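K.L.:
You'll find upload_4.cif just under this line, and it carries mmCIF, C-alpha atoms and all ligand atoms.
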data_start
loop_
_atom_site.label_atom_id
_atom_site.label_comp_id
_atom_site.auth_asym_id
_atom_site.auth_seq_id
_atom_site.Cartn_x
_atom_site.Cartn_y
_atom_site.Cartn_z
CA MET A 38 72.50 73.20 125.18
CA ILE A 39 71.00 69.86 124.12
CA ILE A 40 68.82 70.00 121.00
CA ALA A 41 66.68 67.28 119.46
CA ALA A 42 66.62 66.97 115.68
CA ILE A 43 64.56 65.01 113.19
CA GLU A 44 65.22 64.59 109.50
CA ALA A 45 61.74 63.43 108.51
CA GLY A 46 62.03 61.57 105.21
CA GLY A 47 59.50 59.67 103.16
CA THR A 48 61.49 56.44 103.61
CA LYS A 49 62.99 56.92 107.06
CA PHE A 50 63.11 59.35 109.97
CA ILE A 51 66.64 60.08 111.22
CA VAL A 52 66.30 61.17 114.82
CA GLY A 53 69.09 62.52 117.00
CA LEU A 54 70.29 64.55 119.93
CA VAL A 55 73.09 67.10 119.53
CA ARG A 56 75.02 69.34 121.88
CA ILE A 57 75.37 72.92 120.68
CA GLU A 58 78.04 75.01 122.42
CA GLY A 59 77.65 78.73 123.07
CA ALA A 60 76.10 80.70 120.21
CA GLY A 61 76.30 77.69 117.92
CA ASP A 62 79.19 78.90 115.78
CA VAL A 63 80.84 75.51 115.58
CA ALA A 64 79.28 72.27 114.37
CA PRO A 65 77.50 70.44 117.21
CA ALA A 66 78.47 67.07 118.65
CA LEU A 67 76.11 64.25 117.79
CA LEU A 68 75.15 62.49 121.05
CA ALA A 69 72.65 59.89 119.85
CA ARG A 70 71.14 58.90 116.54
CA ALA A 71 68.56 56.41 115.26
CA SER A 72 66.92 55.56 111.96
CA ILE A 73 63.20 54.76 112.06
CA PRO A 74 61.30 53.44 109.03
CA THR A 75 58.54 55.78 107.85
CA THR A 76 55.32 53.79 108.10
CA ASN A 77 52.06 55.53 109.07
CA PRO A 78 52.16 58.88 110.92
CA ALA A 79 50.91 57.61 114.32
CA GLU A 80 53.45 54.79 114.50
CA THR A 81 56.39 56.78 113.07
CA LEU A 82 55.93 59.92 115.17
CA LYS A 83 55.51 57.84 118.35
CA ALA A 84 58.66 55.82 117.62
CA ALA A 85 60.64 59.02 117.00
CA GLY A 86 59.33 60.52 120.25
CA ASP A 87 60.09 57.34 122.19
CA PHE A 88 63.69 57.38 120.96
CA LEU A 89 64.18 61.03 121.93
CA GLU A 90 62.72 60.36 125.35
CA SER A 91 64.98 57.39 126.09
CA ALA A 92 68.11 58.97 124.51
CA SER A 93 67.70 62.15 126.54
CA THR A 94 67.59 60.46 129.94
CA GLY A 95 71.38 60.30 130.16
CA HIS A 96 71.85 63.89 128.94
CA GLY A 97 69.44 65.85 131.13
CA GLY A 98 66.70 66.49 128.60
CA PHE A 99 66.54 68.71 125.51
CA GLY A 100 65.33 72.29 125.24
CA ALA A 101 64.18 72.56 121.63
CA LEU A 102 63.47 70.44 118.57
CA GLY A 103 64.26 71.14 114.92
CA ILE A 104 62.47 69.21 112.16
CA GLY A 105 63.41 69.19 108.49
CA SER A 106 60.56 67.39 106.74
CA PHE A 107 59.67 65.85 103.40
CA GLY A 108 56.77 67.68 101.89
CA PRO A 109 55.14 69.68 100.64
CA VAL A 110 54.61 71.22 104.09
CA ASP A 111 52.68 74.19 105.47
CA LEU A 112 55.14 76.86 106.67
CA ARG A 113 52.81 79.86 106.97
CA PRO A 114 53.24 81.00 110.59
CA SER A 115 49.61 82.13 110.95
CA SER A 116 48.10 79.02 109.35
CA PRO A 117 46.23 76.44 111.46
CA GLY A 118 48.01 73.90 109.27
CA TRP A 119 51.52 75.13 110.16
CA GLY A 120 53.86 72.20 110.74
CA HIS A 121 51.67 69.76 108.79
CA VAL A 122 52.57 67.77 105.67
CA THR A 123 50.13 68.90 102.95
CA THR A 124 49.57 67.31 99.52
CA THR A 125 52.09 64.47 99.56
CA PRO A 126 51.33 61.40 97.43
CA LYS A 127 52.73 59.30 100.31
CA PRO A 128 49.74 57.30 101.62
CA GLY A 129 48.42 58.40 105.03
CA TRP A 130 50.65 61.47 105.37
CA SER A 131 48.50 64.19 103.77
CA GLY A 132 47.52 66.48 106.63
CA ALA A 133 49.80 64.79 109.20
CA ASP A 134 50.59 67.22 112.05
CA VAL A 135 54.30 66.50 112.47
CA ALA A 136 55.36 69.58 114.47
CA GLY A 137 52.19 69.53 116.59
CA TYR A 138 52.75 65.97 117.74
CA PHE A 139 56.15 66.77 119.25
CA HIS A 140 55.08 70.11 120.68
CA ALA A 141 52.15 68.43 122.45
CA ARG A 142 54.28 65.56 123.70
CA PHE A 143 57.32 67.48 124.95
CA GLY A 144 56.02 71.04 125.47
CA ILE A 145 59.16 72.60 123.93
CA PRO A 146 59.67 75.07 121.03
CA VAL A 147 59.58 73.24 117.68
CA SER A 148 61.25 74.69 114.57
CA PHE A 149 59.92 73.25 111.32
CA ASP A 150 60.95 73.61 107.69
CA THR A 151 61.50 71.53 104.55
CA ASP A 152 64.27 68.94 104.51
CA VAL A 153 66.17 70.90 101.86
CA ASN A 154 65.84 74.20 103.72
CA ALA A 155 67.16 72.45 106.83
CA ALA A 156 70.13 71.06 104.91
CA ALA A 157 70.77 74.48 103.37
CA TYR A 158 70.70 76.20 106.75
CA GLY A 159 73.04 73.59 108.22
CA GLU A 160 75.52 74.28 105.40
CA TYR A 161 75.23 78.01 106.12
CA ARG A 162 75.91 77.58 109.85
CA TRP A 163 78.57 74.90 109.75
CA GLY A 164 79.30 73.64 106.24
CA GLY A 165 80.13 74.59 102.68
CA ALA A 166 78.15 77.85 102.63
CA LYS A 167 79.42 79.26 105.93
CA GLY A 168 79.21 83.05 105.82
CA ILE A 169 77.70 83.16 102.29
CA GLN A 170 74.53 85.27 102.23
CA ASP A 171 73.15 84.18 98.84
CA PHE A 172 73.24 80.58 97.70
CA ILE A 173 70.99 77.76 96.59
CA TYR A 174 71.00 74.17 97.75
CA ILE A 175 69.76 71.52 95.34
CA THR A 176 69.30 67.87 96.19
CA VAL A 177 68.94 65.23 93.50
CA GLY A 178 67.89 61.78 94.69
CA THR A 179 64.47 60.11 94.54
CA GLY A 180 63.19 63.62 93.76
CA VAL A 181 64.72 67.01 93.09
CA GLY A 182 64.37 69.63 95.83
CA GLY A 183 65.92 73.00 96.42
CA GLY A 184 66.25 75.68 99.05
CA VAL A 185 67.01 79.34 98.35
CA PHE A 186 69.07 81.36 100.84
CA SER A 187 68.95 85.05 99.95
CA GLY A 188 70.21 88.08 101.85
CA GLY A 189 71.17 85.82 104.77
CA LYS A 190 67.73 84.21 105.09
CA LEU A 191 65.86 81.17 103.84
CA VAL A 192 63.24 82.17 101.26
CA HIS A 193 59.72 81.04 102.15
CA GLY A 194 57.14 83.30 100.51
CA LEU A 195 53.73 81.80 99.84
CA SER A 196 54.90 78.35 100.99
CA HIS A 197 58.44 77.37 100.00
CA PRO A 198 60.34 77.23 96.72
CA GLU A 199 59.98 74.05 94.66
CA LEU A 200 63.07 74.28 92.49
CA GLY A 201 62.69 70.69 91.30
CA HIS A 202 59.50 71.33 89.40
CA ILE A 203 60.51 74.09 87.00
CA ARG A 204 60.29 73.47 83.27
CA ILE A 205 63.52 73.12 81.31
CA HIS A 206 64.21 72.55 77.62
CA ARG A 207 64.25 68.85 76.98
CA ASP A 208 67.30 67.56 75.08
CA SER A 209 66.33 67.01 71.44
CA ASP A 210 67.71 63.43 71.52
CA ASP A 211 65.96 62.49 74.78
CA ARG A 212 62.88 60.37 74.04
CA PHE A 213 62.05 59.77 77.73
CA GLU A 214 58.76 61.50 78.45
CA GLY A 215 59.48 62.31 82.11
CA CYS A 216 58.02 60.83 85.28
CA CYS A 217 56.76 63.62 87.56
CA PRO A 218 53.20 62.64 88.53
CA TYR A 219 52.20 66.32 88.35
CA HIS A 220 54.16 67.71 85.37
CA GLY A 221 55.70 64.86 83.40
CA ASP A 222 58.93 66.37 82.06
CA CYS A 223 59.73 69.02 84.69
CA LEU A 224 63.30 69.01 86.11
CA GLU A 225 62.44 66.26 88.62
CA GLY A 226 60.62 64.28 85.94
CA LEU A 227 63.72 64.34 83.72
CA ALA A 228 66.64 64.30 86.16
CA ALA A 229 65.75 62.61 89.49
CA GLY A 230 66.91 59.07 90.30
CA PRO A 231 63.71 57.38 89.05
CA ALA A 232 63.99 59.24 85.71
CA ILE A 233 67.57 57.99 85.30
CA SER A 234 66.74 54.38 86.21
CA THR A 235 63.67 54.32 83.95
CA ARG A 236 65.46 55.93 80.99
CA TRP A 237 68.63 53.83 81.16
CA LYS A 238 67.16 50.63 82.71
CA MET A 239 69.84 50.81 85.38
CA GLN A 240 70.17 52.46 88.80
CA ALA A 241 72.12 55.74 88.77
CA GLN A 242 74.79 54.35 91.11
CA ASP A 243 75.50 51.52 88.64
CA LEU A 244 76.07 53.79 85.63
CA ALA A 245 79.76 54.06 84.69
CA PRO A 246 81.38 57.51 85.04
CA ASP A 247 81.74 57.79 81.24
CA HIS A 248 78.13 56.74 80.51
CA VAL A 249 76.28 59.23 78.30
CA ALA A 250 73.65 59.44 81.07
CA TRP A 251 75.92 61.76 83.07
CA GLU A 252 76.35 64.23 80.21
CA LEU A 253 72.57 64.42 79.86
CA GLU A 254 72.12 64.70 83.66
CA ALA A 255 74.73 67.47 83.94
CA GLY A 256 73.08 69.25 81.02
CA TYR A 257 69.62 69.22 82.62
CA LEU A 258 70.96 70.37 85.98
CA ALA A 259 72.98 73.12 84.28
CA LYS A 260 69.87 74.43 82.49
CA ALA A 261 68.07 74.58 85.82
CA VAL A 262 70.99 76.21 87.65
CA ALA A 263 71.39 78.79 84.86
CA THR A 264 67.72 79.71 85.33
CA PHE A 265 68.17 80.01 89.11
CA CYS A 266 71.21 82.24 88.51
CA LEU A 267 69.11 84.58 86.39
CA VAL A 268 66.29 84.67 88.96
CA VAL A 269 68.03 84.87 92.35
CA SER A 270 71.71 85.50 91.52
CA PRO A 271 73.33 83.07 93.99
CA GLN A 272 77.03 83.34 94.84
CA LEU A 273 77.26 79.56 95.23
CA VAL A 274 75.29 76.42 94.38
CA LEU A 275 75.48 73.31 96.57
CA LEU A 276 74.52 70.07 94.85
CA GLY A 277 73.58 67.28 97.27
CA GLY A 278 71.54 64.06 97.34
CA GLY A 279 72.40 60.50 96.33
CA VAL A 280 72.56 61.36 92.62
CA GLY A 281 73.71 64.97 92.99
CA MET A 282 76.79 64.02 95.01
CA ARG A 283 78.04 61.69 92.30
CA GLU A 284 81.80 62.17 91.83
CA GLY A 285 82.53 64.84 89.23
CA LEU A 286 78.91 65.89 88.60
CA ALA A 287 79.09 69.27 90.34
CA GLU A 288 82.21 70.23 88.36
CA ARG A 289 80.53 69.19 85.11
CA VAL A 290 77.39 71.20 85.91
CA SER A 291 79.54 74.26 86.75
CA ILE A 292 81.18 74.30 83.34
CA LEU A 293 77.86 73.82 81.52
CA VAL A 294 76.22 76.65 83.49
CA GLY A 295 78.82 78.97 81.95
CA LYS A 296 77.96 77.67 78.48
CA GLU A 297 74.20 78.03 79.08
CA LEU A 298 74.58 81.68 80.06
CA ALA A 299 76.87 82.38 77.08
CA GLY A 300 78.77 85.17 78.80
CA TYR A 301 75.71 87.17 79.79
CA VAL A 302 76.53 87.10 83.53
CA PRO A 303 80.21 88.21 83.63
CA ALA A 304 81.15 86.36 86.86
CA LEU A 305 79.78 83.14 85.37
CA ALA A 306 81.93 83.52 82.28
CA ASP A 307 85.12 83.37 84.37
CA PRO A 308 86.52 79.81 84.31
CA ALA A 309 88.33 80.32 87.64
CA PHE A 310 85.10 81.38 89.41
CA LEU A 311 83.06 78.72 87.65
CA SER A 312 85.42 75.94 88.70
CA SER A 313 84.04 76.08 92.25
CA PHE A 314 80.63 77.68 91.66
CA VAL A 315 78.69 74.39 91.91
CA ARG A 316 80.02 72.29 94.78
CA ARG A 317 79.11 69.29 96.86
CA PRO A 318 77.83 70.07 100.39
CA ALA A 319 80.38 69.78 103.20
CA LEU A 320 78.40 68.24 106.07
CA GLY A 321 78.24 64.75 104.56
CA ALA A 322 75.96 61.96 105.72
CA ASP A 323 74.56 63.83 108.73
CA ALA A 324 73.77 67.06 106.80
CA GLY A 325 70.02 66.57 107.13
CA LEU A 326 70.11 65.86 110.85
CA LEU A 327 72.57 68.67 111.67
CA GLY A 328 70.58 71.04 109.45
CA SER A 329 67.39 70.15 111.31
CA ALA A 330 69.14 70.95 114.59
CA ALA A 331 70.37 74.23 113.07
CA LEU A 332 66.77 75.30 112.41
CA THR A 333 66.42 75.93 116.15
CA LEU A 334 69.04 78.70 115.75
CA VAL A 335 67.29 80.55 112.86
ZN ZN B 1 57.08 68.18 88.63
#
Give the structure from this file in structure tokens form.

P.N.:
Amino acid sequence: MIIAAIEAGGTKFIVGLVRIEGAGDVAPALLARASIPTTNPAETLKAAGDFLESASTGHGGFGALGIGSFGPVDLRPSSPGWGHVTTTPKPGWSGADVAGYFHARFGIPVSFDTDVNAAAYGEYRWGGAKGIQDFIYITVGTGVGGGVFSGGKLVHGLSHPELGHIRIHRDSDDRFEGCCPYHGDCLEGLAAGPAISTRWKMQAQDLAPDHVAWELEAGYLAKAVATFCLVVSPQLVLLGGGVGMREGLAERVSILVGKELAGYVPALADPAFLSSFVRRPALGADAGLLGSAALTLV
């Protein structure tokens, strides 16, 4: 079965075709892939559609499309706005009908969810959370996003979880006021890439492994993860994104989660369990694209 997939990001759309064998129990083969700059909706959606059309000619067409999108997005199945981007600050994209464009153009089933939910579902099908019924996926990059997988399903609810915007205790020595346009010093405002580069006057990737920035970053992420543990009781936390996948960060966060909870959750007081409780995702650079394809199997 040939499936089309789009990882719709605020900076670029990664578009691809994959081949899924049988019931989709093994990771699919990537047949074609392109990166398209995200400009305005009309231009970007058309370019993504044009690529899928030309890439599919040699493969006999595709039967479904999965889209993992930047957001916020409307995921209420009965809403006329389903499949649209909603209140994004990205110019021109508020109200853009992403899923509808492809459904109208190709006349195939379109599965649509957030980019982090797509990545989480991909990890559940084929990656680091395979077979685990309760986990959370957090991505730390230009923003902080998170998907919750509970009882074998992605949590949606009223819209979708926004793990990056919870409030956490600010470190008493941290004078940075936070940079979330909505909340100032929420988790994203204190711990996303732009918060790090503004606070330390240096890009996260240029900060040395022993820079004090990483202790503060691990501390903020651990406070957030400890809260998520108390609310949804995950068996595993995957920490992805350009900042989140920094070498050694997941291990550091794991240890600090144990300290935050101070023995209150017995499993999270066990050093052996904690050593692999927060992990990096397994699907690597194509996690978003493979996850978007996986949405067609939900
Ligand atoms: Zn916020």

K.L.:
Write out as an MDAnalysis selection string the residues lying within 6 Å of A:Ala229, counting all atoms listed in the file and excluding same-chain residues fewer than 6 positions away.

P.N.:
chainID A and resid 177:181

K.L.:
Now that the selection is made, can you save its residues with C-alpha atoms as a PDB file, keeping the file's coordinate frame?

P.N.:
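What landed in part32.pdb:
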ATOM      1  CA  VAL A 177      68.940  65.230  93.500  1.00  0.00           C
ATOM      2  CA  GLY A 178      67.890  61.780  94.690  1.00  0.00           C
ATOM      3  CA  THR A 179      64.470  60.110  94.540  1.00  0.00           C
ATOM      4  CA  GLY A 180      63.190  63.620  93.760  1.00  0.00           C
ATOM      5  CA  VAL A 181      64.720  67.010  93.090  1.00  0.00           C
TER       6      VAL A 181
END

K.L.:
Considering only C-alpha atoms and all ligand atoms, give me a table of residues in chain A that are at most 7 Å from ligand ZN 1 (chain B), with the closest atom pair and distance in Å for each, as CSV.

P.N.:
residue,atom,partner,partner_atom,distance
A:Gly201,CA,B:ZN1,ZN,6.7
A:His202,CA,B:ZN1,ZN,4.0
A:Cys217,CA,B:ZN1,ZN,4.7
A:Pro218,CA,B:ZN1,ZN,6.8
A:Tyr219,CA,B:ZN1,ZN,5.2
A:His220,CA,B:ZN1,ZN,4.4
A:Gly221,CA,B:ZN1,ZN,6.3
A:Cys223,CA,B:ZN1,ZN,4.8
A:Leu224,CA,B:ZN1,ZN,6.8
A:Glu225,CA,B:ZN1,ZN,5.7
A:Gly226,CA,B:ZN1,ZN,5.9

K.L.:
Please indicate the distance in Å from atom CA of A:Leu227 to atom CA of A:Ala250, rounded to one decimal place.

P.N.:
11.4 Å

K.L.:
Quick one: everything within 7 Å of stretch 148-154 of chain A, counting all atoms listed in the file, minus sequence neighbours fewer than 6 positions away in the same chain. Send it as a ChimeraX atom specification.

P.N.:
/A:44,102-108,110,112,120,136,182-184,191,325,332-333

K.L.:
What gap, in Å, lies between atom CA of A:Leu293 and atom CA of A:Asp323?

P.N.:
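Computing it gives 29.2 Å between the two atoms.
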
K.L.:
Find the spatial neighbours of A:Lys296, counting only C-alpha atoms, within a cut-off of 10 Å - ignore same-chain residues fewer than 5 positions away - and output them as a list in words.

P.N.:
Ala259, Lys260, Ala263, Val290, Ser291, Tyr301, Leu305 and Ala306 of chain A

K.L.:
For a quick check of understanding, using all atoms listed in the file, which of A:Arg70, A:Pro109, A:Asp62, A:Val268 has the smallest distance to A:Pro126?

P.N.:
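For A:Pro126, the nearest of the given residues is A:Pro109.
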
K.L.:
Residues proximal to (75.3, 64.4, 94.8) were defined as those with any atom within 10 Å of that point in the file's coordinates, counting only C-alpha atoms. Which are they, as a PDB file with C-alpha atoms, keeping the file's coordinate frame?

P.N.:
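What landed in part22.pdb:
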ATOM      1  CA  ILE A 175      69.760  71.520  95.340  1.00  0.00           C
ATOM      2  CA  THR A 176      69.300  67.870  96.190  1.00  0.00           C
ATOM      3  CA  VAL A 177      68.940  65.230  93.500  1.00  0.00           C
ATOM      4  CA  GLY A 178      67.890  61.780  94.690  1.00  0.00           C
ATOM      5  CA  LEU A 275      75.480  73.310  96.570  1.00  0.00           C
ATOM      6  CA  LEU A 276      74.520  70.070  94.850  1.00  0.00           C
ATOM      7  CA  GLY A 277      73.580  67.280  97.270  1.00  0.00           C
ATOM      8  CA  GLY A 278      71.540  64.060  97.340  1.00  0.00           C
ATOM      9  CA  GLY A 279      72.400  60.500  96.330  1.00  0.00           C
ATOM     10  CA  VAL A 280      72.560  61.360  92.620  1.00  0.00           C
ATOM     11  CA  GLY A 281      73.710  64.970  92.990  1.00  0.00           C
ATOM     12  CA  MET A 282      76.790  64.020  95.010  1.00  0.00           C
ATOM     13  CA  ARG A 283      78.040  61.690  92.300  1.00  0.00           C
ATOM     14  CA  GLU A 284      81.800  62.170  91.830  1.00  0.00           C
ATOM     15  CA  GLY A 285      82.530  64.840  89.230  1.00  0.00           C
ATOM     16  CA  LEU A 286      78.910  65.890  88.600  1.00  0.00           C
ATOM     17  CA  ALA A 287      79.090  69.270  90.340  1.00  0.00           C
ATOM     18  CA  ARG A 316      80.020  72.290  94.780  1.00  0.00           C
ATOM     19  CA  ARG A 317      79.110  69.290  96.860  1.00  0.00           C
ATOM     20  CA  PRO A 318      77.830  70.070 100.390  1.00  0.00           C
TER      21      PRO A 318
END

K.L.:
At what distance in Å, to one decimal, does atom CA of A:Ala45 lie from atom CA of A:Pro74?

P.N.:
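Result for atom CA of A:Pro74 versus atom CA of A:Ala45: 10.0 Å, one decimal.
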
K.L.:
Calculated over all atoms listed in the file, which of the candidates A:Asp307, A:His206, A:Cys216, A:Ala331 has the smallest distance to A:Ile57?

P.N.:
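Selected residue with least distance to A:Ile57: A:Ala331.
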
K.L.:
So which residues touch A:Gly295 within 12 Å, counting all atoms listed in the file, skipping near sequence neighbours fewer than 3 positions away, as a VMD selection string?

P.N.:
chain A and resid 256 259 to 260 262 to 264 266 288 to 292 298 to 315
